[in-house]
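As provided, structure.csv (CSV, C-alpha atoms and all ligand atoms) reads as follows.
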```
chain,number,residue,atom,x,y,z
A,69,MET,CA,-11.7,-5.3,-12.9
A,70,TYR,CA,-8.4,-7.1,-13.4
A,71,THR,CA,-5.4,-5.0,-14.0
A,72,PRO,CA,-1.7,-6.2,-13.8
A,73,ARG,CA,0.0,-4.9,-10.7
A,74,ARG,CA,3.5,-4.1,-9.5
A,75,TYR,CA,4.4,-5.4,-6.1
A,76,LEU,CA,7.3,-5.1,-3.7
A,77,MET,CA,8.2,-8.1,-1.6
A,78,CYS,CA,11.1,-8.9,0.7
A,79,PRO,CA,12.4,-12.5,0.9
A,80,PRO,CA,12.2,-14.0,4.5
A,81,ALA,CA,15.9,-14.9,4.5
A,82,TYR,CA,16.3,-13.7,8.1
A,83,PHE,CA,12.7,-14.2,9.2
A,84,ALA,CA,12.5,-15.1,12.9
A,85,VAL,CA,10.2,-14.5,15.9
A,86,THR,CA,12.7,-13.2,18.5
A,87,TYR,CA,10.3,-10.6,20.1
A,88,SER,CA,6.6,-10.2,20.5
A,89,ILE,CA,4.8,-7.1,19.3
A,90,ASN,CA,1.4,-8.7,18.5
A,91,PRO,CA,-0.6,-11.5,20.0
A,92,TRP,CA,0.4,-14.0,17.3
A,93,MET,CA,4.1,-13.8,18.0
A,94,ASP,CA,5.5,-16.4,20.4
A,95,PRO,CA,9.3,-16.5,20.5
A,96,ALA,CA,9.1,-19.9,22.2
A,97,LYS,CA,7.5,-21.4,19.1
A,98,PRO,CA,10.0,-22.6,16.5
A,99,VAL,CA,10.0,-21.2,13.0
A,100,ASP,CA,10.8,-23.5,10.1
A,101,LEU,CA,12.9,-21.1,8.0
A,102,PRO,CA,13.3,-23.2,4.8
A,103,LEU,CA,9.5,-23.8,4.9
A,104,ALA,CA,8.9,-20.0,5.3
A,105,VAL,CA,11.1,-19.3,2.3
A,106,ALA,CA,9.4,-21.9,0.2
A,107,GLN,CA,5.9,-20.6,1.1
A,108,TRP,CA,7.0,-17.0,0.4
A,109,GLU,CA,8.5,-18.0,-3.0
A,110,SER,CA,5.3,-19.8,-3.9
A,111,LEU,CA,3.4,-16.5,-3.1
A,112,ARG,CA,5.8,-14.5,-5.3
A,113,ASP,CA,5.5,-17.1,-8.1
A,114,THR,CA,1.7,-17.0,-7.8
A,115,TYR,CA,1.7,-13.3,-8.5
A,116,ARG,CA,4.0,-13.7,-11.4
A,117,SER,CA,1.8,-16.4,-12.9
A,118,LEU,CA,-1.1,-14.1,-12.7
A,119,GLY,CA,0.7,-11.5,-14.8
A,120,HIS,CA,2.0,-9.2,-12.1
A,121,THR,CA,5.5,-7.8,-11.6
A,122,VAL,CA,7.2,-8.5,-8.3
A,123,GLU,CA,10.2,-6.4,-7.2
A,124,GLU,CA,12.4,-7.6,-4.4
A,125,LEU,CA,13.8,-5.7,-1.5
A,126,GLU,CA,17.1,-6.8,0.0
A,127,PRO,CA,16.5,-8.4,3.5
A,128,ASP,CA,18.6,-7.2,6.5
A,129,PRO,CA,19.8,-9.8,9.0
A,130,GLU,CA,18.9,-7.5,11.9
A,131,LEU,CA,15.3,-6.9,10.8
A,132,PRO,CA,13.5,-10.2,11.1
A,133,ASP,CA,10.1,-8.6,10.3
A,134,MET,CA,11.2,-7.1,7.0
A,135,VAL,CA,9.3,-9.9,5.2
A,136,TYR,CA,6.2,-7.9,6.0
A,137,ALA,CA,6.9,-5.4,3.2
A,138,ALA,CA,3.4,-3.9,3.2
A,139,ASN,CA,4.3,-1.9,6.3
A,140,GLY,CA,7.2,0.1,4.7
A,141,ALA,CA,5.2,2.7,2.8
A,142,LEU,CA,2.0,3.6,1.1
A,143,VAL,CA,2.3,4.4,-2.7
A,144,VAL,CA,-0.6,6.0,-4.6
A,145,ASP,CA,-0.2,7.7,-8.0
A,146,GLY,CA,3.5,7.2,-7.7
A,147,ARG,CA,3.7,9.3,-4.5
A,148,VAL,CA,5.3,7.6,-1.6
A,149,LEU,CA,4.3,8.2,2.0
A,150,GLY,CA,7.1,6.4,4.1
A,151,ALA,CA,6.4,4.6,7.3
A,152,ARG,CA,7.2,5.4,10.9
A,153,PHE,CA,7.0,2.3,13.0
A,154,ALA,CA,5.3,2.1,16.4
A,155,HIS,CA,7.8,-0.3,17.8
A,156,PRO,CA,11.6,0.3,18.0
A,157,GLU,CA,12.3,-3.3,16.8
A,158,ARG,CA,11.1,-2.3,13.3
A,159,ALA,CA,12.1,1.3,13.3
A,160,ARG,CA,15.0,0.9,10.9
A,161,GLU,CA,12.9,-0.7,8.2
A,162,ALA,CA,11.4,2.7,7.3
A,163,ALA,CA,14.6,4.1,6.0
A,164,VAL,CA,15.4,1.0,3.9
A,165,HIS,CA,12.0,1.4,2.2
A,166,ARG,CA,12.5,5.1,1.6
A,167,GLU,CA,15.9,4.5,0.1
A,168,TRP,CA,14.5,1.9,-2.2
A,169,TYR,CA,11.9,4.3,-3.6
A,170,ARG,CA,14.4,7.1,-3.9
A,171,THR,CA,16.8,5.0,-5.9
A,172,ARG,CA,14.0,3.6,-8.1
A,173,GLY,CA,13.1,7.1,-9.3
A,174,PHE,CA,10.0,7.8,-7.2
A,175,ALA,CA,10.2,11.6,-7.1
A,176,GLU,CA,7.9,12.3,-4.1
A,177,VAL,CA,9.1,10.3,-1.1
A,178,ARG,CA,7.9,11.7,2.2
A,179,GLU,CA,9.4,10.9,5.6
A,180,PRO,CA,6.3,11.0,7.8
A,181,GLU,CA,5.8,13.1,10.9
A,182,HIS,CA,3.4,10.7,12.5
A,183,VAL,CA,3.5,7.0,13.2
A,184,ASN,CA,2.0,5.0,10.3
A,185,GLU,CA,2.7,1.4,9.3
A,186,GLY,CA,2.2,1.8,5.6
A,187,GLU,CA,-0.3,-0.5,3.9
A,188,GLY,CA,-0.7,-2.3,7.2
A,189,ASP,CA,-3.1,0.5,8.2
A,190,PHE,CA,-4.0,2.1,4.8
A,191,ALA,CA,-6.2,0.7,2.1
A,192,VAL,CA,-7.0,2.3,-1.2
A,193,THR,CA,-10.4,2.3,-2.8
A,194,ALA,CA,-11.5,4.1,-5.9
A,195,SER,CA,-12.3,7.3,-4.1
A,196,TRP,CA,-10.9,7.0,-0.5
A,197,LEU,CA,-8.1,6.0,1.7
A,198,LEU,CA,-9.4,3.7,4.5
A,199,ALA,CA,-7.1,4.2,7.5
A,200,GLY,CA,-6.9,2.1,10.6
A,201,ARG,CA,-6.0,3.3,14.1
A,202,GLY,CA,-6.0,2.0,17.6
A,203,PHE,CA,-2.9,-0.2,17.8
A,204,ARG,CA,-0.2,1.0,15.5
A,205,SER,CA,-0.8,4.0,13.2
A,206,SER,CA,-1.4,7.3,15.0
A,207,PRO,CA,-4.7,9.0,14.3
A,208,LEU,CA,-2.6,12.0,13.3
A,209,SER,CA,-1.2,10.0,10.4
A,210,HIS,CA,-4.7,10.2,8.8
A,211,PRO,CA,-4.8,13.9,8.1
A,212,GLU,CA,-1.1,13.7,7.1
A,213,ALA,CA,-2.0,11.1,4.5
A,214,GLN,CA,-5.0,13.0,3.3
A,215,GLU,CA,-2.9,16.1,2.8
A,216,PHE,CA,-0.1,14.2,1.0
A,217,PHE,CA,-2.3,12.3,-1.4
A,218,GLY,CA,-5.3,14.7,-1.7
A,219,ARG,CA,-7.7,11.8,-1.1
A,220,PRO,CA,-10.4,11.7,1.5
A,221,VAL,CA,-9.4,9.5,4.5
A,222,VAL,CA,-11.9,7.4,6.3
A,223,GLY,CA,-10.6,6.7,9.8
A,224,LEU,CA,-11.5,3.3,11.3
A,225,ASP,CA,-11.0,2.3,14.9
A,226,LEU,CA,-9.6,-1.2,15.5
A,227,VAL,CA,-10.5,-2.7,18.8
A,228,ASP,CA,-9.4,-6.4,18.8
A,229,PRO,CA,-5.6,-6.8,19.5
A,230,ARG,CA,-5.5,-9.9,17.2
A,231,PHE,CA,-6.5,-7.6,14.3
A,232,TYR,CA,-4.0,-4.9,15.1
A,233,HIS,CA,-3.6,-3.6,11.5
A,234,LEU,CA,-6.4,-2.7,9.1
A,235,ASP,CA,-5.1,-5.2,6.6
A,236,THR,CA,-5.8,-8.0,9.1
A,237,ALA,CA,-9.5,-7.1,9.2
A,238,LEU,CA,-10.4,-5.6,5.8
A,239,CYS,CA,-9.4,-6.1,2.1
A,240,VAL,CA,-10.2,-4.0,-0.9
A,241,LEU,CA,-11.4,-6.4,-3.7
A,242,ASP,CA,-11.7,-4.0,-6.6
A,243,ASP,CA,-10.1,-0.6,-6.4
A,244,THR,CA,-12.0,0.7,-9.4
A,245,ARG,CA,-15.4,0.5,-7.6
A,246,ASP,CA,-16.0,1.9,-4.1
A,247,GLY,CA,-18.2,-0.9,-2.8
A,248,ALA,CA,-16.0,-3.9,-3.3
A,249,VAL,CA,-14.4,-4.9,0.0
A,250,MET,CA,-14.5,-7.8,2.5
A,251,TYR,CA,-14.1,-7.3,6.3
A,252,TYR,CA,-14.5,-8.7,9.7
A,253,PRO,CA,-17.0,-6.4,11.6
A,254,ARG,CA,-16.0,-7.3,15.1
A,255,ALA,CA,-12.4,-6.1,14.6
A,256,PHE,CA,-13.9,-2.5,14.5
A,257,SER,CA,-15.6,-0.3,17.1
A,258,PRO,CA,-19.4,0.0,16.8
A,259,GLY,CA,-19.2,3.4,15.2
A,260,SER,CA,-16.6,2.2,12.6
A,261,ARG,CA,-18.8,-0.8,11.9
A,262,ALA,CA,-21.7,1.5,11.2
A,263,VAL,CA,-19.4,3.6,8.8
A,264,LEU,CA,-18.4,0.4,7.0
A,265,ALA,CA,-22.0,-0.7,6.7
A,266,ARG,CA,-22.9,2.7,5.2
A,267,LEU,CA,-20.1,2.8,2.8
A,268,PHE,CA,-20.0,-0.9,1.8
A,269,PRO,CA,-23.6,-2.3,2.0
A,270,ASP,CA,-22.6,-5.1,-0.4
A,271,ALA,CA,-19.3,-6.1,1.3
A,272,VAL,CA,-18.4,-9.8,1.9
A,273,ILE,CA,-18.7,-10.2,5.6
A,274,ALA,CA,-16.1,-12.5,7.1
A,275,GLY,CA,-16.8,-14.7,10.2
A,276,GLU,CA,-14.5,-15.2,13.2
A,277,ALA,CA,-12.8,-18.4,11.9
A,278,ASP,CA,-11.8,-16.9,8.5
A,279,ALA,CA,-10.6,-13.7,10.2
A,280,ARG,CA,-8.5,-15.8,12.5
A,281,ALA,CA,-7.1,-17.7,9.5
A,282,PHE,CA,-6.0,-14.2,8.2
A,283,GLY,CA,-8.5,-14.5,5.4
A,284,LEU,CA,-8.8,-10.7,5.2
A,285,ASN,CA,-5.1,-10.4,4.8
A,286,ALA,CA,-5.5,-10.9,1.1
A,287,VAL,CA,-4.4,-9.3,-2.2
A,288,SER,CA,-6.7,-8.7,-5.0
A,289,ASP,CA,-5.9,-7.6,-8.6
A,290,GLY,CA,-9.6,-6.8,-9.2
A,291,HIS,CA,-10.3,-10.4,-10.2
A,292,HIS,CA,-8.0,-12.9,-8.5
A,293,VAL,CA,-8.0,-12.8,-4.8
A,294,VAL,CA,-4.9,-14.3,-3.3
A,295,LEU,CA,-5.7,-15.4,0.3
A,296,PRO,CA,-4.7,-18.0,2.9
A,297,GLN,CA,-6.2,-21.2,1.9
A,298,ALA,CA,-7.3,-22.0,5.4
A,299,ALA,CA,-9.9,-19.2,5.2
A,300,VAL,CA,-12.3,-21.7,3.5
A,301,GLY,CA,-15.5,-19.7,4.3
A,302,LEU,CA,-14.5,-16.8,2.0
A,303,PHE,CA,-14.1,-18.8,-1.2
A,304,GLU,CA,-17.8,-19.2,-2.1
A,305,PRO,CA,-18.9,-15.7,-1.3
A,306,LEU,CA,-16.0,-14.4,-3.4
A,307,ARG,CA,-16.9,-16.7,-6.3
A,308,GLU,CA,-20.6,-15.6,-6.1
A,309,ARG,CA,-19.4,-12.0,-6.7
A,310,GLY,CA,-17.4,-13.0,-9.7
A,311,TYR,CA,-13.9,-13.1,-8.1
A,312,GLU,CA,-11.5,-16.0,-8.4
A,313,PRO,CA,-10.0,-17.0,-5.0
A,314,VAL,CA,-6.5,-18.3,-5.1
A,315,GLY,CA,-5.5,-20.1,-1.9
A,316,VAL,CA,-1.9,-20.1,-0.7
A,317,ASP,CA,-0.3,-21.5,2.5
A,318,LEU,CA,1.8,-19.0,4.5
A,319,GLY,CA,1.6,-20.9,7.8
A,320,GLU,CA,5.2,-20.1,8.9
A,321,LEU,CA,4.7,-16.4,8.3
A,322,LEU,CA,1.5,-16.4,10.4
A,323,LYS,CA,3.8,-17.0,13.4
A,324,GLY,CA,4.9,-13.4,13.0
A,325,GLY,CA,1.4,-12.2,12.8
A,326,GLY,CA,1.2,-11.7,9.0
A,327,SER,CA,0.1,-13.4,5.8
A,328,VAL,CA,-0.4,-12.6,2.1
A,329,LYS,CA,-1.1,-8.9,2.3
A,330,CYS,CA,1.5,-8.2,5.0
A,331,CYS,CA,4.1,-9.6,2.6
A,332,THR,CA,3.0,-7.5,-0.3
A,333,ALA,CA,3.4,-3.8,-0.9
A,334,GLU,CA,1.6,-2.4,-4.0
A,335,LEU,CA,3.4,0.1,-6.2
A,336,ARG,CA,0.5,2.2,-7.6
A,337,GLY,CA,1.0,4.5,-10.5
A,401,LIG,N1,5.5,-9.0,13.2
A,401,LIG,C1,4.9,-7.9,12.4
A,401,LIG,C2,4.5,-6.8,13.3
A,401,LIG,O1,3.9,-7.1,14.3
A,401,LIG,C3,3.9,-8.4,11.5
A,401,LIG,C4,3.4,-7.3,10.5
A,401,LIG,C5,2.3,-7.7,9.7
A,401,LIG,N2,2.0,-6.9,8.7
A,401,LIG,C6,0.8,-6.4,8.3
A,401,LIG,N3,0.7,-5.7,7.2
A,401,LIG,N4,-0.3,-6.6,9.0
A,401,LIG,O2,4.7,-5.7,13.0
```
Take the structure in the file and give it back as structure tokens.
Amino acid sequence: MYTPRRYLMCPPAYFAVTYSINPWMDPAKPVDLPLAVAQWESLRDTYRSLGHTVEELEPDPELPDMVYAANGALVVDGRVLGARFAHPERAREAAVHREWYRTRGFAEVREPEHVNEGEGDFAVTASWLLAGRGFRSSPLSHPEAQEFFGRPVVGLDLVDPRFYHLDTALCVLDDTRDGAVMYYPRAFSPGSRAVLARLFPDAVIAGEADARAFGLNAVSDGHHVVLPQAAVGLFEPLRERGYEPVGVDLGELLKGGGSVKCCTAELRG
């Protein structure tokens, strides 16, 4: 079901690939910054044209990965679980996000005890929090999130380093129904795959090529699914289920190992 959303994004004014903390990042490969900015602006404008509100976070010249705003926190029912980054290169982003929430009137802002990379590894369904582990977020962040939000956490083991965050391998399509997700099974351990098959028998199953194009790194408002346009194999299965896929090109931001969802934090409630 479509509902208007509120998103937080951070302009890629200082985006660069100067270090490598995931297999997509190659500091030897040049980044076209004006193109990255144009692609990001077109994503932001796409959300606005769909009726959503987009807030902007001030970028920091020393934090080139800040454009991936999804990693800064998880917000559900207006409660904010801050992030704690796995890599020192991104550590300072966590405080910038917490400060933003505090000054915007979010009353409950928790500085977490355990490593978690926000919506990179947490996804929200109608009843559950789906939580990734294996590369970034600590398994201990799962009970911490369950306690903080009072929602059952389903832990999922990521096994392929190319899909190092849950949001590179799975997308919630409708957060008012539990069954509505799409995912790439081979990013998960056999046991987690079985869990996903049990919870989501009607899921859209993505193939390797669409996963590599970051097709699962998508943002849905319950009707429109904004996703990388290169993930061509996902468009028909989405339409068959009544969704409207909206393709965008974030090719420059892919060089940092992120796409649509990585650039978009959702402010829920
Ligand atoms: N370069 C960033 C990192 O490796 C990309 C983060 C992508 N964000 C995401 N939500 N998957 O941390």
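Selecting all polymer residues at most 7 Å from ligand LIG 401 (chain A), using only C-alpha atoms and all ligand atoms, gives A:Ile89, A:Asn90, A:Met93, A:Asp133, A:Tyr136, A:Ala138, A:Asn139, A:Glu187, A:Gly188, A:His233, A:Asp235, A:Thr236, A:Gly324, A:Gly325, A:Gly326, A:Lys329, A:Cys330, A:Cys331.
Put simply, CA of Pro313 in chain A is 18.8 Å away from CA of Glu276 in chain A.
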Shell of 9 Å around range 103-115 of chain A, only C-alpha atoms, local chain residues under 4 positions omitted, as a list of chain:residue names: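 Once the adjacent positions are removed, what remains is A:Arg73, A:Tyr75, A:Met77, A:Pro79, A:Pro80, A:Ala81, A:Phe83, A:Val99, A:Gly119, A:His120, A:Thr121, A:Val122, A:Val135, A:Val294, A:Val314, A:Val316, A:Asp317, A:Leu318, A:Gly319, A:Glu320, A:Leu321, A:Val328, A:Cys331.
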Next, write the just-selected residues to a file, as an mmCIF file, in the frame of the given file, keeping C-alpha atoms as the atom set.
```
data_model
loop_
_atom_site.group_PDB
_atom_site.id
_atom_site.type_symbol
_atom_site.label_atom_id
_atom_site.label_comp_id
_atom_site.auth_asym_id
_atom_site.auth_seq_id
_atom_site.Cartn_x
_atom_site.Cartn_y
_atom_site.Cartn_z
ATOM 1 C CA ARG A 73 0.000 -4.900 -10.700
ATOM 2 C CA TYR A 75 4.400 -5.400 -6.100
ATOM 3 C CA MET A 77 8.200 -8.100 -1.600
ATOM 4 C CA PRO A 79 12.400 -12.500 0.900
ATOM 5 C CA PRO A 80 12.200 -14.000 4.500
ATOM 6 C CA ALA A 81 15.900 -14.900 4.500
ATOM 7 C CA PHE A 83 12.700 -14.200 9.200
ATOM 8 C CA VAL A 99 10.000 -21.200 13.000
ATOM 9 C CA GLY A 119 0.700 -11.500 -14.800
ATOM 10 C CA HIS A 120 2.000 -9.200 -12.100
ATOM 11 C CA THR A 121 5.500 -7.800 -11.600
ATOM 12 C CA VAL A 122 7.200 -8.500 -8.300
ATOM 13 C CA VAL A 135 9.300 -9.900 5.200
ATOM 14 C CA VAL A 294 -4.900 -14.300 -3.300
ATOM 15 C CA VAL A 314 -6.500 -18.300 -5.100
ATOM 16 C CA VAL A 316 -1.900 -20.100 -0.700
ATOM 17 C CA ASP A 317 -0.300 -21.500 2.500
ATOM 18 C CA LEU A 318 1.800 -19.000 4.500
ATOM 19 C CA GLY A 319 1.600 -20.900 7.800
ATOM 20 C CA GLU A 320 5.200 -20.100 8.900
ATOM 21 C CA LEU A 321 4.700 -16.400 8.300
ATOM 22 C CA VAL A 328 -0.400 -12.600 2.100
ATOM 23 C CA CYS A 331 4.100 -9.600 2.600
#
```
Non-local contacts of range 146-161 of chain A (8 Å; all atoms listed in the file; under 2 positions in same chain excluded) as JSON, numbers by chain: {"A": [89, 131, 133, 134, 139, 140, 141, 142, 143, 144, 163, 164, 165, 166, 169, 174, 175, 176, 177, 178, 179, 180, 181, 182, 183, 184, 185, 186, 204, 205, 213, 216, 217, 335, 336, 337]}
Atomic separation - CA of Phe190 in chain A relative to CA of Val293 in chain A, Å: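 One can read the CA of Val293 in chain A to CA of Phe190 in chain A distance as 18.2 Å.
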One-decimal distance in Å that lies between CA of Ser209 in chain A and CA of Pro72 in chain A: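 Computing the Euclidean distance for CA of Pro72 in chain A and CA of Ser209 in chain A yields 29.1 Å.
For the set A:Thr193, A:Thr86, A:Ser257, A:Thr332, the residue with the smallest atom-to-atom gap to Val227 in chain A is A:Ser257, counting only C-alpha atoms.
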Shell of 10 Å around Pro253 in chain A, only C-alpha atoms, local chain residues under 5 positions omitted, as a list in words: Leu226, Ala237, Leu238, Pro258, Ser260, Arg261, Ala262, Leu264, Ala265, Ile273, Ala274, Gly275, Glu276 and Ala279 of chain A
Shell around Val263 in chain A at 12 Å using only C-alpha atoms, local window under 6 positions removed, as JSON, numbers by chain: {"A": [198, 222, 223, 224, 225, 253, 256, 257, 269]}
Given all atoms listed in the file as the counted atoms, nearest of A:Arg201, A:Arg309, A:Tyr251, A:Gly259 to Asp278 in chain A: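 For Asp278 in chain A, the nearest of the given residues is A:Tyr251.
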